[in-house]
$ cat upload17.csv   # CSV, C-alpha atoms (C1' of nucleotides)
chain,number,residue,atom,x,y,z
V,758,MET,CA,45.3,69.8,4.4
V,759,VAL,CA,45.6,68.4,0.9
V,760,ASP,CA,42.9,66.9,-1.3
V,761,SER,CA,45.1,64.2,-2.7
V,762,LEU,CA,47.3,61.9,-0.7
V,763,GLU,CA,50.0,59.4,-1.7
V,764,VAL,CA,50.0,55.9,-0.3
V,765,ASP,CA,53.1,54.6,1.4
V,766,GLY,CA,54.9,51.3,1.0
V,767,ALA,CA,55.9,51.8,-2.5
V,768,PRO,CA,59.6,51.4,-3.4
V,769,ASP,CA,61.6,54.0,-5.2
V,770,ARG,CA,62.6,53.4,-8.8
V,771,ALA,CA,66.1,52.3,-7.9
V,772,ASP,CA,64.8,49.8,-5.5
V,773,LEU,CA,62.6,48.0,-7.9
V,774,ASP,CA,63.5,44.3,-7.8
V,775,LEU,CA,62.9,42.2,-10.9
V,776,ALA,CA,62.1,39.0,-9.0
V,777,THR,CA,59.7,40.8,-6.8
V,778,VAL,CA,58.0,42.4,-9.8
V,779,LEU,CA,57.7,39.1,-11.6
V,780,GLY,CA,56.3,37.6,-8.4
V,781,ALA,CA,53.6,40.3,-8.3
V,782,LEU,CA,52.8,39.5,-11.9
V,783,ALA,CA,52.7,35.8,-11.4
V,784,ASP,CA,49.2,35.7,-10.1
V,785,PRO,CA,46.4,35.5,-12.7
V,786,ILE,CA,44.3,38.2,-11.0
V,787,ARG,CA,47.1,40.6,-10.6
V,788,LEU,CA,48.4,39.9,-14.1
V,789,THR,CA,44.9,40.7,-15.4
V,790,TYR,CA,44.8,43.8,-13.3
V,791,VAL,CA,48.1,45.0,-14.6
V,792,ARG,CA,47.3,44.2,-18.2
V,793,ILE,CA,44.1,46.3,-18.0
V,794,LEU,CA,46.1,49.1,-16.4
V,795,ALA,CA,48.6,48.8,-19.2
V,796,ARG,CA,46.1,49.4,-21.9
V,797,THR,CA,44.3,52.2,-20.1
V,798,PRO,CA,45.5,55.8,-20.7
V,799,GLY,CA,44.4,57.4,-17.5
V,800,GLU,CA,43.7,56.4,-14.0
V,801,ILE,CA,41.2,53.7,-13.1
V,802,ARG,CA,39.2,53.5,-9.9
V,803,CYS,CA,40.5,50.8,-7.7
V,804,GLY,CA,37.3,48.8,-7.6
V,805,ASP,CA,36.4,49.2,-11.2
V,806,VAL,CA,39.4,47.6,-12.9
V,807,LEU,CA,38.1,44.1,-12.8
V,808,LYS,CA,34.5,45.0,-13.5
V,809,ASP,CA,34.7,43.9,-17.2
V,810,THR,CA,36.3,40.6,-16.4
V,811,ASP,CA,34.8,37.4,-15.0
V,812,ILE,CA,36.9,37.7,-11.9
V,813,THR,CA,34.9,37.9,-8.7
V,814,ILE,CA,36.8,38.3,-5.5
V,815,SER,CA,36.0,39.8,-2.2
V,816,LYS,CA,37.0,43.4,-1.6
V,817,SER,CA,39.5,42.3,1.0
V,818,THR,CA,41.2,40.0,-1.4
V,819,LEU,CA,41.3,42.7,-4.0
V,820,SER,CA,42.8,45.1,-1.5
V,821,HIS,CA,45.4,42.5,-0.7
V,822,HIS,CA,46.4,42.1,-4.4
V,823,LEU,CA,46.6,45.8,-4.8
V,824,LYS,CA,48.9,46.0,-1.9
V,825,VAL,CA,51.2,43.4,-3.5
V,826,LEU,CA,51.2,45.3,-6.7
V,827,ARG,CA,51.9,48.6,-4.9
V,828,GLU,CA,54.7,47.2,-2.7
V,829,ALA,CA,56.3,45.5,-5.7
V,830,GLY,CA,56.4,49.0,-7.3
V,831,LEU,CA,54.1,48.2,-10.2
V,832,THR,CA,51.3,50.6,-9.3
V,833,HIS,CA,50.8,54.0,-7.9
V,834,THR,CA,47.8,54.9,-5.8
V,835,ARG,CA,46.2,58.3,-5.5
V,836,VAL,CA,43.6,58.9,-2.9
V,837,ILE,CA,40.8,61.3,-3.6
V,838,GLY,CA,38.2,61.4,-1.0
V,839,VAL,CA,37.0,57.9,-0.3
V,840,ARG,CA,38.3,56.6,-3.6
V,841,ARG,CA,41.6,55.2,-4.8
V,842,PHE,CA,42.8,55.7,-8.4
V,843,ILE,CA,45.4,53.3,-9.6
V,844,THR,CA,48.0,53.8,-12.4
V,845,LEU,CA,50.8,51.8,-13.7
V,846,ARG,CA,54.3,53.2,-12.9
V,847,ARG,CA,55.2,53.0,-16.6
V,848,ASP,CA,58.1,55.3,-16.5
V,849,ASP,CA,59.8,53.6,-13.5
V,850,LEU,CA,59.1,50.2,-14.9
V,851,SER,CA,60.4,50.9,-18.4
V,852,ALA,CA,63.4,52.6,-17.0
V,853,ARG,CA,64.4,49.7,-14.9
V,854,PHE,CA,63.1,46.8,-17.0
V,855,PRO,CA,62.7,47.9,-20.6
V,856,GLY,CA,60.2,46.0,-22.5
V,857,LEU,CA,58.8,44.1,-19.6
V,858,ILE,CA,55.4,45.7,-19.4
V,859,GLU,CA,55.0,45.5,-23.1
V,860,ALA,CA,55.9,41.8,-23.1
V,861,VAL,CA,53.6,41.0,-20.3
V,862,SER,CA,50.7,43.0,-22.0
V,863,VAL,CA,50.8,41.2,-25.3
V,864,PRO,CA,47.4,39.5,-25.8
V,865,ALA,CA,47.5,35.8,-25.6
V,866,GLU,CA,46.6,34.1,-28.9
V,867,ASP,CA,44.8,31.0,-27.6
G,527,MET,CA,67.9,2.4,-28.1
G,528,VAL,CA,68.8,6.0,-28.5
G,529,ASP,CA,71.7,7.9,-27.0
G,530,SER,CA,69.7,11.0,-26.1
G,531,LEU,CA,66.3,11.1,-24.4
G,532,GLU,CA,63.9,13.9,-23.9
G,533,VAL,CA,62.4,14.6,-20.6
G,534,ASP,CA,58.7,14.6,-20.0
G,535,GLY,CA,56.5,17.1,-18.2
G,536,ALA,CA,57.1,20.0,-20.6
G,537,PRO,CA,54.2,21.8,-22.1
G,538,ASP,CA,53.8,22.4,-25.8
G,539,ARG,CA,54.3,25.9,-27.2
G,540,ALA,CA,50.6,26.5,-27.4
G,541,ASP,CA,50.1,25.5,-23.8
G,542,LEU,CA,52.6,28.0,-22.4
G,543,ASP,CA,50.9,30.1,-19.8
G,544,LEU,CA,52.2,33.6,-19.0
G,545,ALA,CA,51.3,33.5,-15.3
G,546,THR,CA,53.0,30.2,-14.9
G,547,VAL,CA,56.1,31.4,-16.8
G,548,LEU,CA,56.2,34.5,-14.6
G,549,GLY,CA,55.9,32.4,-11.5
G,550,ALA,CA,58.8,30.3,-12.6
G,551,LEU,CA,60.9,33.4,-13.1
G,552,ALA,CA,59.8,35.0,-9.8
G,553,ASP,CA,62.4,33.1,-7.8
G,554,PRO,CA,65.8,34.7,-7.5
G,555,ILE,CA,67.6,31.4,-8.1
G,556,ARG,CA,65.5,30.4,-11.1
G,557,LEU,CA,65.8,33.9,-12.5
G,558,THR,CA,69.5,33.8,-12.3
G,559,TYR,CA,69.5,30.4,-13.9
G,560,VAL,CA,67.4,31.6,-16.8
G,561,ARG,CA,69.5,34.7,-17.3
G,562,ILE,CA,72.6,32.7,-17.5
G,563,LEU,CA,70.9,30.4,-20.0
G,564,ALA,CA,69.8,33.4,-22.0
G,565,ARG,CA,73.3,34.7,-22.5
G,566,THR,CA,74.7,31.3,-23.3
G,567,PRO,CA,74.7,30.2,-26.9
G,568,GLY,CA,74.7,26.4,-26.5
G,569,GLU,CA,73.7,23.9,-23.9
G,570,ILE,CA,74.9,24.0,-20.3
G,571,ARG,CA,75.3,21.1,-18.0
G,572,CYS,CA,72.6,21.1,-15.4
G,573,GLY,CA,74.9,21.3,-12.4
G,574,ASP,CA,77.3,23.8,-14.0
G,575,VAL,CA,75.0,26.8,-14.5
G,576,LEU,CA,75.3,28.3,-11.1
G,577,LYS,CA,78.9,27.5,-10.7
G,578,ASP,CA,80.0,31.1,-11.4
G,579,THR,CA,77.5,32.6,-9.0
G,580,ASP,CA,77.4,32.9,-5.3
G,581,ILE,CA,74.4,30.7,-5.1
G,582,THR,CA,74.9,27.5,-3.1
G,583,ILE,CA,72.0,25.1,-2.8
G,584,SER,CA,71.7,21.4,-2.4
G,585,LYS,CA,71.4,19.3,-5.5
G,586,SER,CA,67.8,18.3,-4.6
G,587,THR,CA,66.9,21.9,-4.4
G,588,LEU,CA,68.5,22.6,-7.8
G,589,SER,CA,66.7,19.6,-9.2
G,590,HIS,CA,63.4,21.1,-7.9
G,591,HIS,CA,64.0,24.5,-9.5
G,592,LEU,CA,64.9,22.9,-12.8
G,593,LYS,CA,61.7,20.9,-12.7
G,594,VAL,CA,59.7,24.1,-12.1
G,595,LEU,CA,61.5,25.8,-15.1
G,596,ARG,CA,60.9,22.7,-17.3
G,597,GLU,CA,57.3,22.3,-16.4
G,598,ALA,CA,56.6,26.0,-16.9
G,599,GLY,CA,58.0,25.5,-20.4
G,600,LEU,CA,61.1,27.7,-20.0
G,601,THR,CA,63.8,25.1,-20.4
G,602,HIS,CA,64.5,22.0,-22.4
G,603,THR,CA,66.4,19.1,-21.0
G,604,ARG,CA,68.5,16.7,-23.0
G,605,VAL,CA,69.9,13.6,-21.3
G,606,ILE,CA,73.2,12.2,-22.4
G,607,GLY,CA,74.4,9.4,-20.3
G,608,VAL,CA,74.3,10.5,-16.7
G,609,ARG,CA,74.2,14.2,-17.5
G,610,ARG,CA,71.5,16.7,-18.3
G,611,PHE,CA,72.0,19.5,-20.7
G,612,ILE,CA,69.7,22.5,-20.3
G,613,THR,CA,68.7,25.0,-22.9
G,614,LEU,CA,66.2,27.9,-23.0
G,615,ARG,CA,63.2,27.3,-25.2
G,616,ARG,CA,63.9,30.6,-27.0
G,617,ASP,CA,61.8,30.0,-30.0
G,618,ASP,CA,58.7,28.9,-28.2
G,619,LEU,CA,59.0,31.7,-25.6
G,620,SER,CA,59.6,34.5,-28.1
G,621,ALA,CA,56.7,33.1,-30.2
G,622,ARG,CA,54.3,33.2,-27.4
G,623,PHE,CA,55.6,36.1,-25.3
G,624,PRO,CA,57.7,38.3,-27.6
G,625,GLY,CA,60.3,40.4,-25.7
G,626,LEU,CA,59.8,38.7,-22.4
G,627,ILE,CA,63.1,36.8,-22.3
G,628,GLU,CA,65.0,39.9,-23.5
G,629,ALA,CA,63.2,42.1,-20.9
G,630,VAL,CA,64.0,39.6,-18.1
G,631,SER,CA,67.6,39.3,-19.2
G,632,VAL,CA,68.5,42.9,-19.1
G,633,PRO,CA,71.2,43.4,-16.6
G,634,ALA,CA,70.2,45.3,-13.5
G,635,GLU,CA,71.9,48.6,-13.1
G,636,ASP,CA,72.3,48.8,-9.3
O,1354,DC,C1',23.6,63.6,12.7
O,1355,DG,C1',22.7,59.1,10.6
O,1356,DA,C1',23.3,56.1,6.7
O,1357,DA,C1',25.6,54.6,2.7
O,1358,DG,C1',29.8,53.9,-0.1
O,1359,DT,C1',34.8,52.7,-0.6
O,1360,DG,C1',38.7,50.4,0.9
O,1361,DT,C1',41.9,48.8,4.6
O,1362,DT,C1',43.2,45.9,8.3
O,1363,DC,C1',42.9,41.9,11.2
O,1364,DG,C1',42.4,37.1,12.3
O,1365,DT,C1',41.9,32.6,10.4
O,1366,DC,C1',42.2,28.9,7.4
O,1367,DA,C1',44.0,25.9,3.8
O,1368,DT,C1',47.3,25.5,0.4
O,1369,DG,C1',51.6,26.1,-1.9
O,1370,DC,C1',56.6,26.8,-1.9
O,1371,DG,C1',61.6,26.6,-0.9
O,1372,DT,C1',64.8,23.9,1.5
O,1373,DC,C1',67.2,19.9,3.0
O,1374,DG,C1',68.9,15.0,3.8
O,1375,DA,C1',68.4,10.3,2.7
O,1376,DA,C1',67.5,7.0,-0.5
O,1377,DC,C1',67.3,5.6,-5.2
O,1378,DA,C1',68.3,5.1,-10.3
O,1379,DT,C1',71.4,5.3,-13.9
O,1380,DT,C1',75.6,5.6,-16.2
O,1381,DA,C1',80.5,5.7,-16.4
O,1382,DT,C1',85.1,4.2,-14.6
O,1383,DG,C1',88.7,1.6,-12.3
K,1481,DC,C1',82.1,-6.2,-10.2
K,1482,DA,C1',82.7,-2.3,-7.1
K,1483,DT,C1',82.9,2.4,-6.8
K,1484,DA,C1',82.2,7.1,-8.1
K,1485,DA,C1',79.5,10.7,-10.5
K,1486,DT,C1',75.1,12.9,-11.7
K,1487,DG,C1',70.5,13.9,-10.8
K,1488,DT,C1',65.7,12.6,-9.4
K,1489,DT,C1',62.4,11.4,-6.0
K,1490,DC,C1',60.6,11.2,-1.4
K,1491,DG,C1',59.2,12.8,3.0
K,1492,DA,C1',59.5,16.5,6.3
K,1493,DC,C1',59.8,21.0,8.0
K,1494,DG,C1',58.9,26.0,8.3
K,1495,DC,C1',57.3,30.0,6.0
K,1496,DA,C1',54.7,32.6,2.7
K,1497,DT,C1',50.6,33.2,0.1
K,1498,DG,C1',45.7,33.6,-1.4
K,1499,DA,C1',41.2,33.5,0.2
K,1500,DC,C1',37.4,35.1,3.1
K,1501,DG,C1',34.3,37.6,6.7
K,1502,DA,C1',34.1,40.9,10.2
K,1503,DA,C1',35.3,45.0,12.0
K,1504,DC,C1',37.1,49.5,11.3
K,1505,DA,C1',38.2,54.2,9.2
K,1506,DC,C1',36.9,57.7,6.3
K,1507,DT,C1',34.2,60.4,3.2
K,1508,DT,C1',29.9,61.7,1.1
K,1509,DC,C1',25.1,62.3,0.9
K,1510,DG,C1',20.3,62.7,2.8
$ encode --input "upload17.csv" --output "structure tokens"
Amino acid sequence: MVDSLEVDGAPDRADLDLATVLGALADPIRLTYVRILARTPGEIRCGDVLKDTDITISKSTLSHHLKVLREAGLTHTRVIGVRRFITLRRDDLSARFPGLIEAVSVPAED
Amino acid sequence: MVDSLEVDGAPDRADLDLATVLGALADPIRLTYVRILARTPGEIRCGDVLKDTDITISKSTLSHHLKVLREAGLTHTRVIGVRRFITLRRDDLSARFPGLIEAVSVPAED
DNA sequence: CGAAGTGTTCGTCATGCGTCGAACATTATG
DNA sequence: CATAATGTTCGACGCATGACGAACACTTCG
């Protein structure tokens, strides 16, 4: 009996696929989610990430997007009690695709 | 009467949208196409880019993919006679999304 | 135990996307 | 002029994707 479980469905570092990762980033909601994760040092609670944005989606839709991110290998999910804490898989991503997260996280200058 | 025409439908630099660009890159065929363009100094003839790959698609499908790339702002098309010459919009892309093309062009180490 | 909080899963719906062949447009070339 | 070469455009088809509500699972808190 552990107090923290990992979530399945996430690929190993070596299995990260660039097209799949880009596909996960190609959705505005997921891109926003990842960019917030990228500028956040620690973990963020699953449901809190979009709290400061103007994005309002149902929780099932959010869950869907998080699944896409997780299965593409972008995020890692840690379960504590009834809550999920999400982090970017920075090390794996920068090892496989150096500079990608940084490039994607650059603020737009509109 | 000019001997070289530009092709419409391409966004200005300021209108380049990251999610749209990522969406254009999220397809394996288009990603391959862009990566080949990225490592090529000059122009490439539209139909020749995938010649050295194992990708075989119909010309209508290729035309569709090129349209997606063009409308996302990734490529520039110059028409000479009956031929199209494709280039990456390096300057615009690196101005708006520094490091992105480089990150996406890094060879996979499988 | 009962109720509330947090997410996932399932079914459904509409939309978008990748693919193709056929037809077309345009420009060489014989 | 007739034919070939190069791409685009136009349906059509099947499959994937994003959205939602409802139901469920699990933990936490009275």
$ interface_residues --input "upload17.csv" --of "chain G" --to "chain K" --cutoff "8 Å" --atoms "only C-alpha atoms (C1' of nucleotides)" --output "MDAnalysis selection string"
chainID G and resid 585:586 589 608:609
$ interface_residues --input "upload17.csv" --of "chain O" --to "chain G" --cutoff "10 Å" --atoms "only C-alpha atoms (C1' of nucleotides)" --output "ChimeraX atom specification"
/O:1371-1374,1379-1381
$ closest_atom_pairs --input "upload17.csv" --of "chain G" --to "chain V" --cutoff "6 Å" --atoms "all atoms listed in the file" --output "CSV"
residue,atom,partner,partner_atom,distance
G:Ala545,CA,V:Ala783,CA,4.7
G:Leu548,CA,V:Ala783,CA,4.9
G:Gly549,CA,V:Ala783,CA,4.7
G:Ala552,CA,V:Gly780,CA,4.6
G:Pro554,CA,V:Ala776,CA,5.9
G:Pro624,CA,V:Ala860,CA,6.0
G:Gly625,CA,V:Ala860,CA,5.3
G:Leu626,CA,V:Ala860,CA,5.0
G:Ala629,CA,V:Leu857,CA,5.0
$ atom_distance --input "upload17.csv" --atom1 "atom CA of Thr613 of chain G" --atom2 "atom CA of Glu569 of chain G"
5.2 Å
$ calpha_fit_and_write --input "upload17.csv" --fixed "chain V" --moving "chain G" --output "PDB file with C-alpha atoms, keeping the file's coordinate frame"
ATOM      1  CA  MET G 527      45.442  69.874   4.257  1.00  0.00           C
ATOM      2  CA  VAL G 528      45.668  68.500   0.794  1.00  0.00           C
ATOM      3  CA  ASP G 529      42.947  66.964  -1.329  1.00  0.00           C
ATOM      4  CA  SER G 530      45.068  64.107  -2.657  1.00  0.00           C
ATOM      5  CA  LEU G 531      47.379  61.860  -0.639  1.00  0.00           C
ATOM      6  CA  GLU G 532      49.945  59.393  -1.723  1.00  0.00           C
ATOM      7  CA  VAL G 533      50.067  55.981  -0.318  1.00  0.00           C
ATOM      8  CA  ASP G 534      53.073  54.610   1.452  1.00  0.00           C
ATOM      9  CA  GLY G 535      54.856  51.293   1.064  1.00  0.00           C
ATOM     10  CA  ALA G 536      56.005  51.845  -2.528  1.00  0.00           C
ATOM     11  CA  PRO G 537      59.601  51.415  -3.414  1.00  0.00           C
ATOM     12  CA  ASP G 538      61.623  54.007  -5.258  1.00  0.00           C
ATOM     13  CA  ARG G 539      62.590  53.404  -8.886  1.00  0.00           C
ATOM     14  CA  ALA G 540      66.068  52.364  -7.932  1.00  0.00           C
ATOM     15  CA  ASP G 541      64.784  49.851  -5.433  1.00  0.00           C
ATOM     16  CA  LEU G 542      62.599  47.981  -7.921  1.00  0.00           C
ATOM     17  CA  ASP G 543      63.517  44.346  -7.860  1.00  0.00           C
ATOM     18  CA  LEU G 544      62.871  42.146 -10.914  1.00  0.00           C
ATOM     19  CA  ALA G 545      62.110  38.977  -8.941  1.00  0.00           C
ATOM     20  CA  THR G 546      59.669  40.812  -6.793  1.00  0.00           C
ATOM     21  CA  VAL G 547      58.012  42.459  -9.826  1.00  0.00           C
ATOM     22  CA  LEU G 548      57.748  39.047 -11.485  1.00  0.00           C
ATOM     23  CA  GLY G 549      56.235  37.572  -8.379  1.00  0.00           C
ATOM     24  CA  ALA G 550      53.642  40.275  -8.318  1.00  0.00           C
ATOM     25  CA  LEU G 551      52.735  39.535 -11.909  1.00  0.00           C
ATOM     26  CA  ALA G 552      52.718  35.740 -11.401  1.00  0.00           C
ATOM     27  CA  ASP G 553      49.156  35.745 -10.105  1.00  0.00           C
ATOM     28  CA  PRO G 554      46.420  35.462 -12.683  1.00  0.00           C
ATOM     29  CA  ILE G 555      44.304  38.134 -10.987  1.00  0.00           C
ATOM     30  CA  ARG G 556      47.154  40.602 -10.542  1.00  0.00           C
ATOM     31  CA  LEU G 557      48.296  39.951 -14.087  1.00  0.00           C
ATOM     32  CA  THR G 558      44.936  40.725 -15.447  1.00  0.00           C
ATOM     33  CA  TYR G 559      44.793  43.833 -13.339  1.00  0.00           C
ATOM     34  CA  VAL G 560      48.122  45.050 -14.642  1.00  0.00           C
ATOM     35  CA  ARG G 561      47.215  44.310 -18.234  1.00  0.00           C
ATOM     36  CA  ILE G 562      44.098  46.276 -17.966  1.00  0.00           C
ATOM     37  CA  LEU G 563      46.082  49.124 -16.423  1.00  0.00           C
ATOM     38  CA  ALA G 564      48.585  48.893 -19.232  1.00  0.00           C
ATOM     39  CA  ARG G 565      46.021  49.444 -21.936  1.00  0.00           C
ATOM     40  CA  THR G 566      44.316  52.235 -20.076  1.00  0.00           C
ATOM     41  CA  PRO G 567      45.543  55.746 -20.661  1.00  0.00           C
ATOM     42  CA  GLY G 568      44.479  57.440 -17.406  1.00  0.00           C
ATOM     43  CA  GLU G 569      43.693  56.417 -13.892  1.00  0.00           C
ATOM     44  CA  ILE G 570      41.174  53.725 -12.988  1.00  0.00           C
ATOM     45  CA  ARG G 571      39.186  53.493  -9.849  1.00  0.00           C
ATOM     46  CA  CYS G 572      40.486  50.735  -7.668  1.00  0.00           C
ATOM     47  CA  GLY G 573      37.272  48.740  -7.545  1.00  0.00           C
ATOM     48  CA  ASP G 574      36.413  49.284 -11.225  1.00  0.00           C
ATOM     49  CA  VAL G 575      39.352  47.547 -12.923  1.00  0.00           C
ATOM     50  CA  LEU G 576      38.039  44.058 -12.869  1.00  0.00           C
ATOM     51  CA  LYS G 577      34.518  45.018 -13.537  1.00  0.00           C
ATOM     52  CA  ASP G 578      34.692  43.936 -17.205  1.00  0.00           C
ATOM     53  CA  THR G 579      36.254  40.591 -16.410  1.00  0.00           C
ATOM     54  CA  ASP G 580      34.884  37.401 -15.092  1.00  0.00           C
ATOM     55  CA  ILE G 581      36.919  37.692 -11.985  1.00  0.00           C
ATOM     56  CA  THR G 582      34.897  37.886  -8.766  1.00  0.00           C
ATOM     57  CA  ILE G 583      36.755  38.226  -5.497  1.00  0.00           C
ATOM     58  CA  SER G 584      35.979  39.796  -2.199  1.00  0.00           C
ATOM     59  CA  LYS G 585      37.026  43.360  -1.642  1.00  0.00           C
ATOM     60  CA  SER G 586      39.584  42.300   1.024  1.00  0.00           C
ATOM     61  CA  THR G 587      41.144  40.009  -1.451  1.00  0.00           C
ATOM     62  CA  LEU G 588      41.307  42.782  -4.077  1.00  0.00           C
ATOM     63  CA  SER G 589      42.759  45.085  -1.471  1.00  0.00           C
ATOM     64  CA  HIS G 590      45.479  42.443  -0.798  1.00  0.00           C
ATOM     65  CA  HIS G 591      46.417  42.080  -4.468  1.00  0.00           C
ATOM     66  CA  LEU G 592      46.610  45.827  -4.893  1.00  0.00           C
ATOM     67  CA  LYS G 593      48.909  46.045  -1.907  1.00  0.00           C
ATOM     68  CA  VAL G 594      51.177  43.379  -3.440  1.00  0.00           C
ATOM     69  CA  LEU G 595      51.236  45.343  -6.797  1.00  0.00           C
ATOM     70  CA  ARG G 596      51.939  48.635  -4.932  1.00  0.00           C
ATOM     71  CA  GLU G 597      54.639  47.257  -2.755  1.00  0.00           C
ATOM     72  CA  ALA G 598      56.336  45.529  -5.681  1.00  0.00           C
ATOM     73  CA  GLY G 599      56.432  48.974  -7.290  1.00  0.00           C
ATOM     74  CA  LEU G 600      54.061  48.220 -10.191  1.00  0.00           C
ATOM     75  CA  THR G 601      51.237  50.571  -9.353  1.00  0.00           C
ATOM     76  CA  HIS G 602      50.714  54.012  -7.942  1.00  0.00           C
ATOM     77  CA  THR G 603      47.779  54.869  -5.790  1.00  0.00           C
ATOM     78  CA  ARG G 604      46.191  58.271  -5.525  1.00  0.00           C
ATOM     79  CA  VAL G 605      43.524  58.872  -2.881  1.00  0.00           C
ATOM     80  CA  ILE G 606      40.745  61.298  -3.554  1.00  0.00           C
ATOM     81  CA  GLY G 607      38.160  61.366  -0.907  1.00  0.00           C
ATOM     82  CA  VAL G 608      37.021  57.832  -0.281  1.00  0.00           C
ATOM     83  CA  ARG G 609      38.315  56.491  -3.578  1.00  0.00           C
ATOM     84  CA  ARG G 610      41.611  55.168  -4.829  1.00  0.00           C
ATOM     85  CA  PHE G 611      42.825  55.750  -8.298  1.00  0.00           C
ATOM     86  CA  ILE G 612      45.392  53.281  -9.627  1.00  0.00           C
ATOM     87  CA  THR G 613      47.937  53.826 -12.317  1.00  0.00           C
ATOM     88  CA  LEU G 614      50.863  51.769 -13.687  1.00  0.00           C
ATOM     89  CA  ARG G 615      54.268  53.160 -12.868  1.00  0.00           C
ATOM     90  CA  ARG G 616      55.176  53.036 -16.580  1.00  0.00           C
ATOM     91  CA  ASP G 617      58.121  55.291 -16.460  1.00  0.00           C
ATOM     92  CA  ASP G 618      59.843  53.673 -13.549  1.00  0.00           C
ATOM     93  CA  LEU G 619      59.168  50.143 -14.881  1.00  0.00           C
ATOM     94  CA  SER G 620      60.335  50.830 -18.433  1.00  0.00           C
ATOM     95  CA  ALA G 621      63.422  52.588 -16.963  1.00  0.00           C
ATOM     96  CA  ARG G 622      64.399  49.687 -14.905  1.00  0.00           C
ATOM     97  CA  PHE G 623      63.075  46.749 -16.936  1.00  0.00           C
ATOM     98  CA  PRO G 624      62.698  47.950 -20.536  1.00  0.00           C
ATOM     99  CA  GLY G 625      60.124  45.911 -22.534  1.00  0.00           C
ATOM    100  CA  LEU G 626      58.798  44.013 -19.589  1.00  0.00           C
ATOM    101  CA  ILE G 627      55.405  45.729 -19.361  1.00  0.00           C
ATOM    102  CA  GLU G 628      54.963  45.511 -23.158  1.00  0.00           C
ATOM    103  CA  ALA G 629      55.993  41.798 -23.138  1.00  0.00           C
ATOM    104  CA  VAL G 630      53.541  41.043 -20.283  1.00  0.00           C
ATOM    105  CA  SER G 631      50.758  42.956 -21.974  1.00  0.00           C
ATOM    106  CA  VAL G 632      50.777  41.176 -25.231  1.00  0.00           C
ATOM    107  CA  PRO G 633      47.488  39.523 -25.723  1.00  0.00           C
ATOM    108  CA  ALA G 634      47.537  35.755 -25.582  1.00  0.00           C
ATOM    109  CA  GLU G 635      46.657  34.082 -28.802  1.00  0.00           C
ATOM    110  CA  ASP G 636      44.783  30.983 -27.568  1.00  0.00           C
TER     111      ASP G 636
END
$ closest_residue --input "upload17.csv" --among "V:Gly799, V:Pro768, V:Gly804, V:Gly830" --to "DT1359 of chain O" --atoms "all atoms listed in the file"
V:Gly804
$ atom_distance --input "upload17.csv" --atom1 "atom CA of Asp805 of chain V" --atom2 "atom CA of Val825 of chain V"
17.7 Å
$ atom_distance --input "upload17.csv" --atom1 "atom CA of Leu850 of chain V" --atom2 "atom CA of Leu823 of chain V"
16.7 Å
$ decode --input "upload17.csv" --residues "segment 773-809 of chain V" --atoms "C-alpha atoms" --output "compact mmCIF listing (two decimals), in the first residue's frame"
# COMPACT_ATOMS: atom_id res chain seq x y z
CA LEU V 773 8.76 9.46 -27.57
CA ASP V 774 7.62 10.30 -31.07
CA LEU V 775 8.08 13.79 -32.40
CA ALA V 776 5.00 13.85 -34.60
CA THR V 777 2.91 12.58 -31.71
CA VAL V 778 4.34 15.18 -29.37
CA LEU V 779 3.69 17.93 -31.88
CA GLY V 780 0.18 16.64 -32.34
CA ALA V 781 -0.39 16.87 -28.63
CA LEU V 782 0.88 20.44 -28.66
CA ALA V 783 -1.18 21.43 -31.67
CA ASP V 784 -4.34 22.04 -29.68
CA PRO V 785 -4.68 25.52 -28.16
CA ILE V 786 -5.90 24.20 -24.83
CA ARG V 787 -3.15 21.65 -24.51
CA LEU V 788 -0.56 24.13 -25.70
CA THR V 789 -1.69 26.56 -23.02
CA TYR V 790 -1.58 23.80 -20.46
CA VAL V 791 1.96 22.82 -21.40
CA ARG V 792 3.18 26.39 -21.46
CA ILE V 793 1.88 26.94 -17.98
CA LEU V 794 3.56 23.76 -16.83
CA ALA V 795 6.76 24.87 -18.50
CA ARG V 796 6.98 28.07 -16.51
CA THR V 797 6.04 26.41 -13.24
CA PRO V 798 8.78 24.99 -11.07
CA GLY V 799 6.92 22.34 -9.11
CA GLU V 800 3.82 20.29 -9.57
CA ILE V 801 0.43 21.74 -10.30
CA ARG V 802 -2.85 20.22 -9.40
CA CYS V 803 -4.55 18.86 -12.47
CA GLY V 804 -7.65 21.00 -12.20
CA ASP V 805 -5.83 24.17 -11.25
CA VAL V 806 -3.62 24.68 -14.27
CA LEU V 807 -6.17 26.53 -16.38
CA LYS V 808 -7.64 28.45 -13.48
CA ASP V 809 -5.85 31.66 -14.42
